[in-house]
Structures are given as structure tokens and as C-alpha cells.
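K.L.:
What follows is input01.cif; its format and atoms are mmCIF, C-alpha atoms.
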data_start
#
loop_
_atom_site.group_PDB
_atom_site.id
_atom_site.type_symbol
_atom_site.label_atom_id
_atom_site.label_comp_id
_atom_site.auth_asym_id
_atom_site.auth_seq_id
_atom_site.Cartn_x
_atom_site.Cartn_y
_atom_site.Cartn_z
ATOM 1 C CA GLN A 1 153.206 151.484 238.020
ATOM 2 C CA GLN A 2 155.714 154.203 238.963
ATOM 3 C CA GLN A 3 154.587 156.407 236.071
ATOM 4 C CA ARG A 4 150.949 156.028 237.133
ATOM 5 C CA GLN A 5 151.828 156.967 240.716
ATOM 6 C CA LEU A 6 153.776 159.983 239.450
ATOM 7 C CA ARG A 7 150.799 161.120 237.353
ATOM 8 C CA GLN A 8 148.466 160.741 240.340
ATOM 9 C CA HIS A 9 150.869 162.755 242.503
ATOM 10 C CA GLN A 10 151.067 165.475 239.854
ATOM 11 C CA GLN A 11 147.267 165.630 239.607
ATOM 12 C CA GLN A 12 146.992 166.019 243.378
ATOM 13 C CA GLN A 13 149.619 168.770 243.392
ATOM 14 C CA HIS A 14 147.949 170.528 240.452
ATOM 15 C CA ALA A 15 144.654 170.743 242.354
ATOM 16 C CA ARG A 16 146.246 172.013 245.546
ATOM 17 C CA VAL A 17 146.588 175.770 246.125
ATOM 18 C CA TYR A 18 149.787 177.148 247.628
ATOM 19 C CA SER A 19 150.643 180.596 248.983
ATOM 20 C CA GLY A 20 154.092 182.134 248.788
ATOM 21 C CA THR A 21 156.145 185.204 247.958
ATOM 22 C CA ILE A 22 157.912 186.006 244.692
ATOM 23 C CA LYS A 23 161.520 185.779 245.826
ATOM 24 C CA SER A 24 163.192 186.802 242.580
ATOM 25 C CA PHE A 25 162.668 187.282 238.870
ATOM 26 C CA ASN A 26 165.352 187.867 236.239
ATOM 27 C CA GLU A 27 163.962 189.678 233.204
ATOM 28 C CA ASP A 28 166.968 188.844 231.052
ATOM 29 C CA ARG A 29 166.836 185.119 231.755
ATOM 30 C CA GLY A 30 163.064 185.006 231.843
ATOM 31 C CA TRP A 31 162.554 183.084 235.068
ATOM 32 C CA GLY A 32 162.490 183.449 238.830
ATOM 33 C CA PHE A 33 161.454 181.723 242.057
ATOM 34 C CA ILE A 34 158.608 181.731 244.569
ATOM 35 C CA THR A 35 159.428 180.957 248.182
ATOM 36 C CA CYS A 36 156.793 178.805 249.909
ATOM 37 C CA ALA A 37 157.286 176.940 253.196
ATOM 38 C CA GLU A 38 154.981 174.084 252.191
ATOM 39 C CA VAL A 39 156.801 173.466 248.918
ATOM 40 C CA GLU A 40 160.204 173.822 250.533
ATOM 41 C CA ARG A 41 159.398 171.182 253.152
ATOM 42 C CA GLU A 42 158.349 168.674 250.499
ATOM 43 C CA TYR A 43 160.906 169.408 247.799
ATOM 44 C CA THR A 44 163.684 171.247 249.727
ATOM 45 C CA CYS A 45 163.805 174.025 247.130
ATOM 46 C CA ASP A 46 161.941 177.101 245.930
ATOM 47 C CA THR A 47 159.249 176.971 243.241
ATOM 48 C CA PHE A 48 160.337 177.779 239.690
ATOM 49 C CA LEU A 49 158.482 180.714 238.096
ATOM 50 C CA THR A 50 158.355 181.077 234.303
ATOM 51 C CA LYS A 51 158.143 184.382 232.439
ATOM 52 C CA PRO A 52 154.620 183.740 231.023
ATOM 53 C CA GLU A 53 153.269 182.979 234.512
ATOM 54 C CA PHE A 54 155.033 186.010 235.987
ATOM 55 C CA GLU A 55 153.714 188.406 233.340
ATOM 56 C CA LYS A 56 150.211 186.938 233.357
ATOM 57 C CA SER A 57 149.925 187.355 237.139
ATOM 58 C CA GLY A 58 150.753 191.071 237.008
ATOM 59 C CA CYS A 59 152.746 190.627 240.222
ATOM 60 C CA ARG A 60 156.211 191.842 241.119
ATOM 61 C CA LYS A 61 159.123 190.686 243.258
ATOM 62 C CA GLY A 62 158.086 190.638 246.918
ATOM 63 C CA ASP A 63 154.359 190.202 246.180
ATOM 64 C CA VAL A 64 152.358 187.481 247.902
ATOM 65 C CA VAL A 65 150.857 185.047 245.383
ATOM 66 C CA GLN A 66 148.708 181.966 245.193
ATOM 67 C CA PHE A 67 149.560 179.234 242.728
ATOM 68 C CA ASN A 68 149.122 175.624 241.711
ATOM 69 C CA LEU A 69 152.013 173.264 241.251
ATOM 70 C CA CYS A 70 153.297 170.955 238.550
ATOM 71 C CA LEU A 71 156.554 169.007 238.362
ATOM 72 C CA ASP A 72 159.072 169.358 235.571
ATOM 73 C CA THR A 73 160.767 166.391 233.890
ATOM 74 C CA GLN A 74 163.243 166.158 236.759
ATOM 75 C CA GLY A 75 160.549 166.222 239.434
ATOM 76 C CA ARG A 76 161.175 169.816 240.515
ATOM 77 C CA PRO A 77 158.264 172.126 241.499
ATOM 78 C CA GLN A 78 157.045 174.710 238.998
ATOM 79 C CA ALA A 79 154.296 177.296 239.562
ATOM 80 C CA GLN A 80 151.127 177.369 237.452
ATOM 81 C CA HIS A 81 148.078 179.654 237.472
ATOM 82 C CA VAL A 82 149.933 182.279 239.514
ATOM 83 C CA ARG A 83 147.687 185.048 240.861
ATOM 84 C CA ALA A 84 147.867 187.742 243.478
ATOM 85 C CA GLY A 85 147.393 186.671 247.091
ATOM 86 C CA THR A 86 147.255 188.516 250.408
ATOM 87 C CA ARG A 87 149.447 188.676 253.490
ATOM 88 C CA GLY A 88 146.517 187.365 255.491
ATOM 89 C CA GLU A 89 146.339 184.184 253.429
ATOM 90 C CA LEU A 90 150.060 183.659 253.844
ATOM 91 C CA ALA A 91 149.876 184.203 257.604
ATOM 92 C CA THR A 92 146.916 181.830 257.925
ATOM 93 C CA ARG A 93 148.768 179.099 256.082
ATOM 94 C CA ALA A 94 151.903 179.672 258.137
ATOM 95 C CA SER A 95 149.908 179.488 261.372
ATOM 96 C CA SER A 96 148.145 176.312 260.254
ATOM 97 C CA SER A 97 151.418 174.774 259.180
ATOM 98 C CA HIS A 98 153.061 175.721 262.482
ATOM 99 C CA SER A 99 150.243 174.113 264.475
ATOM 100 C CA CYS A 100 150.660 170.940 262.453
ATOM 101 C CA GLU A 101 154.415 170.967 263.097
ATOM 102 C CA LEU A 102 153.942 171.374 266.853
ATOM 103 C CA SER A 103 151.738 168.286 266.931
ATOM 104 C CA GLN A 104 154.483 166.186 265.368
ATOM 105 C CA SER A 105 157.224 164.438 267.281
ATOM 106 C CA SER A 106 160.497 166.338 267.416
ATOM 107 C CA TYR A 107 163.890 164.670 267.156
ATOM 108 C CA LYS A 108 167.272 165.430 268.641
ATOM 109 C CA GLY A 109 170.580 164.715 266.992
ATOM 110 C CA LYS A 110 173.841 166.219 265.841
ATOM 111 C CA VAL A 111 174.847 167.749 262.533
ATOM 112 C CA LYS A 112 177.065 164.973 261.231
ATOM 113 C CA SER A 113 178.241 166.672 258.058
ATOM 114 C CA TYR A 114 177.506 169.567 255.747
ATOM 115 C CA SER A 115 179.050 170.464 252.380
ATOM 116 C CA GLN A 116 178.821 174.114 251.356
ATOM 117 C CA GLU A 117 179.824 173.117 247.840
ATOM 118 C CA LYS A 118 177.091 170.496 247.427
ATOM 119 C CA GLY A 119 174.541 172.385 249.491
ATOM 120 C CA PHE A 120 173.409 169.559 251.745
ATOM 121 C CA GLY A 121 174.411 167.466 254.712
ATOM 122 C CA PHE A 122 173.169 164.925 257.250
ATOM 123 C CA ILE A 123 172.009 164.823 260.860
ATOM 124 C CA ALA A 124 172.822 161.773 262.960
ATOM 125 C CA CYS A 125 169.942 160.734 265.211
ATOM 126 C CA GLN A 126 169.489 157.365 266.909
ATOM 127 C CA ARG A 127 165.681 157.399 266.616
ATOM 128 C CA ILE A 128 165.842 158.272 262.917
ATOM 129 C CA MET A 129 168.386 155.516 262.314
ATOM 130 C CA GLU A 130 166.188 152.957 264.078
ATOM 131 C CA VAL A 131 163.154 153.839 261.969
ATOM 132 C CA TYR A 132 164.641 154.751 258.574
ATOM 133 C CA LYS A 133 168.045 152.997 258.697
ATOM 134 C CA CYS A 134 169.752 156.203 257.557
ATOM 135 C CA ASP A 135 170.644 159.727 258.697
ATOM 136 C CA ALA A 136 168.268 162.677 258.256
ATOM 137 C CA PHE A 137 168.892 164.825 255.174
ATOM 138 C CA LEU A 138 169.807 168.463 255.859
ATOM 139 C CA SER A 139 169.076 171.014 253.127
ATOM 140 C CA ARG A 140 171.000 174.214 252.484
ATOM 141 C CA SER A 141 167.976 176.373 253.354
ATOM 142 C CA GLU A 142 167.531 174.717 256.766
ATOM 143 C CA CYS A 143 171.232 174.939 257.535
ATOM 144 C CA ASP A 144 171.395 178.614 256.555
ATOM 145 C CA ARG A 145 168.203 179.504 258.436
ATOM 146 C CA SER A 146 169.242 177.790 261.668
ATOM 147 C CA GLY A 147 172.870 178.897 261.585
ATOM 148 C CA CYS A 148 173.974 175.426 262.690
ATOM 149 C CA VAL A 149 177.332 173.954 261.742
ATOM 150 C CA THR A 150 178.866 170.481 261.747
ATOM 151 C CA GLY A 151 179.013 169.111 265.286
ATOM 152 C CA ASP A 152 176.129 171.199 266.652
ATOM 153 C CA ALA A 153 173.442 169.517 268.719
ATOM 154 C CA VAL A 154 170.068 170.178 267.104
ATOM 155 C CA GLU A 155 166.354 169.618 267.505
ATOM 156 C CA PHE A 156 164.164 169.232 264.430
ATOM 157 C CA LEU A 157 161.012 167.875 262.834
ATOM 158 C CA VAL A 158 160.995 165.372 259.991
ATOM 159 C CA HIS A 159 159.028 164.778 256.834
ATOM 160 C CA ARG A 160 159.647 162.158 254.170
ATOM 161 C CA ASP A 161 160.698 163.000 250.629
ATOM 162 C CA ARG A 162 159.206 161.370 247.532
ATOM 163 C CA ARG A 163 161.351 158.287 248.123
ATOM 164 C CA GLY A 164 160.329 157.995 251.749
ATOM 165 C CA ARG A 165 163.640 159.221 253.147
ATOM 166 C CA PRO A 166 163.732 161.498 256.233
ATOM 167 C CA GLN A 167 164.385 165.217 255.744
ATOM 168 C CA ALA A 168 164.902 167.648 258.598
ATOM 169 C CA TYR A 169 162.978 170.923 258.884
ATOM 170 C CA ASN A 170 162.289 173.501 261.609
ATOM 171 C CA LEU A 171 165.877 172.901 262.636
ATOM 172 C CA ARG A 172 167.217 174.721 265.701
ATOM 173 C CA CYS A 173 170.417 174.488 267.708
ATOM 174 C CA VAL A 174 170.181 173.362 271.332
ATOM 175 C CA ARG A 175 172.490 174.341 274.149
ATOM 176 C CA GLU A 176 173.405 170.865 275.338
ATOM 177 C CA ALA A 177 176.372 170.270 273.058
ATOM 178 C CA ASN A 178 177.343 167.187 275.083
ATOM 179 C CA SER A 179 173.878 166.011 276.074
ATOM 180 C CA GLY A 180 174.244 162.444 274.876
ATOM 181 C CA LEU A 181 172.053 162.949 271.828
ATOM 182 C CA LEU A 182 174.044 160.292 269.987
ATOM 183 C CA ASP A 183 174.804 156.815 271.257
ATOM 184 C CA ASP A 184 177.810 156.383 268.967
ATOM 185 C CA PRO A 185 180.634 158.815 268.128
ATOM 186 C CA LEU A 186 180.752 160.219 264.609
ATOM 187 C CA ASP A 187 182.969 158.376 262.175
ATOM 188 C CA GLU A 188 184.807 160.695 259.785
ATOM 189 C CA GLU A 189 185.146 158.049 257.074
ATOM 190 C CA ASP A 190 181.405 157.260 257.226
ATOM 191 C CA ASP A 191 180.750 161.007 257.083
ATOM 192 C CA ARG A 192 182.741 161.447 253.876
ATOM 193 C CA ALA A 193 181.123 158.378 252.339
ATOM 194 C CA SER A 194 177.639 159.739 253.111
ATOM 195 C CA MET A 195 178.410 162.993 251.351
ATOM 196 C CA ASP A 196 179.556 161.124 248.242
ATOM 197 C CA ASP A 197 176.367 159.033 247.966
#
Will you turn the file into C-alpha cells for me?

P.N.:
Amino acid sequence: QQQRQLRQHQQQQHARVYSGTIKSFNEDRGWGFITCAEVEREYTCDTFLTKPEFEKSGCRKGDVVQFNLCLDTQGRPQAQHVRAGTRGELATRASSSHSCELSQSSYKGKVKSYSQEKGFGFIACQRIMEVYKCDAFLSRSECDRSGCVTGDAVEFLVHRDRRGRPQAYNLRCVREANSGLLDDPLDEEDDRASMDD
């Protein structure tokens, strides 16, 4: 059943067209990455770009591209059928995505923990805990982009990962550091345990 669902998900992703920018490509290693907001929200990482796809597209680092997606054996996103795109397409997708984000409910919480070494952390939020029975996952890219650190009060949107767990995106710090965003004080032992899970 799980394998069938995975195949169906891969087929849906394969048919979908994404727009992004070639972030990097290492000629010696033969691979690189495409940055794409849509992919990053769903998988919390950039899209892997192979040498054959890079060479076939005729594109270079910094170029806007369109591509389809497949998942590798570990469920990570990999670009297929890469071709040149335009800045207009990228802007249109970003605008559409932003409109969709604005229509969603935003959450407020506090950065409970973040590990530079592991590259992830968690946001404590009462509403998230009530619905999902866990803290919201905080990716390295969101933490770096927002500039937030452990203890900061934040506002964010949420999407669910492949396992249905909440992940924060569009994270931003808010001024009210003591605004009562959390009903319970942070527990340092719980914090360390969460990071080890």
C-alpha cells in the first residue's frame, strides 16, 4: 500500500512543472542544485541536478529553468527534463505562491531549539501542539533566511511534510518577545530530547 502511494506521488510530481534557478554546479563532482521555493517548502531542501540534465539543458549557474521532479531512493527531489525558463515565469509562480500563502492561517510561537550542527530545530506553538501533538519543524534554510535564533518570538505559515508533520515556512521574527505566545515555559530537557529524535 505504501509503495503504491509512493509511486502515485512520484507520478504526480513527474507531471508537475516547477520553475527555479540553478544555484550551483560542480564540474568535477558532476552535480549541482536548483533552488525552487515550491520544492523547498515540500521537501525542505534544494533540488538535485545531475550532470546529464545540466549539460542537456544548455543552461549555466544563475539561469532560470523549468523542470519536472522525481524522487531518489531516499525520497529526495531530483530534477528531470531541465530546460531554460524565464524570469517572468519565476516571478509569476512566486506571486501565485505568495497569494496562496497569504490566504493561509499564520501561527505564532517561539523558536524552541536550533542545532547548527544538525541543521534543524523546532518552534513551540500552542495551536500547532493542539492540532499535531508536536512542535513545528524548522529547517536550516528558514532559520538562515529569517535570521531568527533560539528564544525569538516568530510568526510563520505551516505545511505538512510527507509524513503529515508540520513544517514552518515564511518565518519572520516579531517584536513582542514577551507577548505570551506560549502558554508553558520552555523545558531545556525536553528541548534536548527533541533534537535527538

K.L.:
So, with all atoms listed in the file as the atoms that count, which of A:His159, A:Lys108, A:Lys118, A:Arg127 lies closest to A:Val39?

P.N.:
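Looking at the shortest contact to A:Val39, the residue is A:His159.
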
K.L.:
Find the residues around A:Val158 up to 7 Å (all atoms listed in the file counted), leave out those fewer than 2 positions away in its own chain, and share them as a short mmCIF file (atom, residue, chain, number, x, y, z; two decimals) with C-alpha atoms, in the coordinates of the input.

P.N.:
data_model
loop_
_atom_site.label_atom_id
_atom_site.label_comp_id
_atom_site.auth_asym_id
_atom_site.auth_seq_id
_atom_site.Cartn_x
_atom_site.Cartn_y
_atom_site.Cartn_z
CA PHE A 156 164.16 169.23 264.43
CA ARG A 160 159.65 162.16 254.17
CA PRO A 166 163.73 161.50 256.23
CA GLN A 167 164.38 165.22 255.74
CA ALA A 168 164.90 167.65 258.60
CA TYR A 169 162.98 170.92 258.88
#

K.L.:
Could you tell me how far atom CA of A:Phe48 sits from atom CA of A:Gly121, in Å to one decimal place?

P.N.:
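Going from atom CA of A:Gly121 over to atom CA of A:Phe48 covers 23.0 Å.
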
K.L.:
Spell out the residues picked by the PyMOL selection byres ((chain A and resi 143) around 10) here, as a list of chain:residue names.

P.N.:
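Matching residues under the PyMOL selection byres ((chain A and resi 143) around 10) are A:Val111, A:Tyr114, A:Gln116, A:Gly119, A:Phe120, A:Gly121, A:Leu138, A:Ser139, A:Arg140, A:Ser141, A:Glu142, A:Asp144, A:Arg145, A:Ser146, A:Gly147, A:Cys148, A:Val149, A:Thr150, A:Ala168, A:Tyr169, A:Asn170, A:Leu171, A:Arg172.
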
K.L.:
Can you measure atom CA of A:Ser57 to atom CA of A:Gln74 for me? One decimal in Å is fine.

P.N.:
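So the two atoms, atom CA of A:Ser57 and atom CA of A:Gln74, lie 25.0 Å apart.
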
K.L.:
Counting all atoms listed in the file, which residue out of A:Val174, A:Leu157, A:Ile34, A:Cys125 sits closest to A:Ser105?

P.N.:
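Of A:Val174, A:Leu157, A:Ile34, A:Cys125, the one nearest A:Ser105 is A:Leu157, counting all atoms listed in the file.
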
K.L.:
Please indicate the distance in Å from atom CA of A:Lys133 to atom CA of A:Pro77, rounded to one decimal place.

P.N.:
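Going from atom CA of A:Lys133 over to atom CA of A:Pro77, I get 27.5 Å.
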
K.L.:
For this file, the PyMOL selection byres ((chain A and resi 25-28) around 10) selects which residues, as a list in words?

P.N.:
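On this input, the PyMOL selection byres ((chain A and resi 25-28) around 10) captures Ile22, Lys23, Ser24, Arg29, Gly30, Trp31, Gly32, Phe33, Ile34, Phe48, Leu49, Thr50, Lys51, Phe54, Arg60, Lys61 and Gly62 of chain A.
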
K.L.:
Just to be explicit: take each residue in the selection above, keep C-alpha atoms, and write the result as an mmCIF file, in the coordinates of the input.

P.N.:
data_model
loop_
_atom_site.group_PDB
_atom_site.id
_atom_site.type_symbol
_atom_site.label_atom_id
_atom_site.label_comp_id
_atom_site.auth_asym_id
_atom_site.auth_seq_id
_atom_site.Cartn_x
_atom_site.Cartn_y
_atom_site.Cartn_z
ATOM 1 C CA ILE A 22 157.912 186.006 244.692
ATOM 2 C CA LYS A 23 161.520 185.779 245.826
ATOM 3 C CA SER A 24 163.192 186.802 242.580
ATOM 4 C CA ARG A 29 166.836 185.119 231.755
ATOM 5 C CA GLY A 30 163.064 185.006 231.843
ATOM 6 C CA TRP A 31 162.554 183.084 235.068
ATOM 7 C CA GLY A 32 162.490 183.449 238.830
ATOM 8 C CA PHE A 33 161.454 181.723 242.057
ATOM 9 C CA ILE A 34 158.608 181.731 244.569
ATOM 10 C CA PHE A 48 160.337 177.779 239.690
ATOM 11 C CA LEU A 49 158.482 180.714 238.096
ATOM 12 C CA THR A 50 158.355 181.077 234.303
ATOM 13 C CA LYS A 51 158.143 184.382 232.439
ATOM 14 C CA PHE A 54 155.033 186.010 235.987
ATOM 15 C CA ARG A 60 156.211 191.842 241.119
ATOM 16 C CA LYS A 61 159.123 190.686 243.258
ATOM 17 C CA GLY A 62 158.086 190.638 246.918
#

K.L.:
Which residue is closest to A:Arg83? Choose from A:Ala124, A:Met129, A:Leu69, A:Cys59 and count only C-alpha atoms.

P.N.:
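Of A:Ala124, A:Met129, A:Leu69, A:Cys59, the one nearest A:Arg83 is A:Cys59, counting only C-alpha atoms.
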
K.L.:
Between A:Ala136, A:Gly75, A:Val82, A:Glu38, which has the minimum distance to A:Gly58 (counting only C-alpha atoms)?

P.N.:
A:Val82
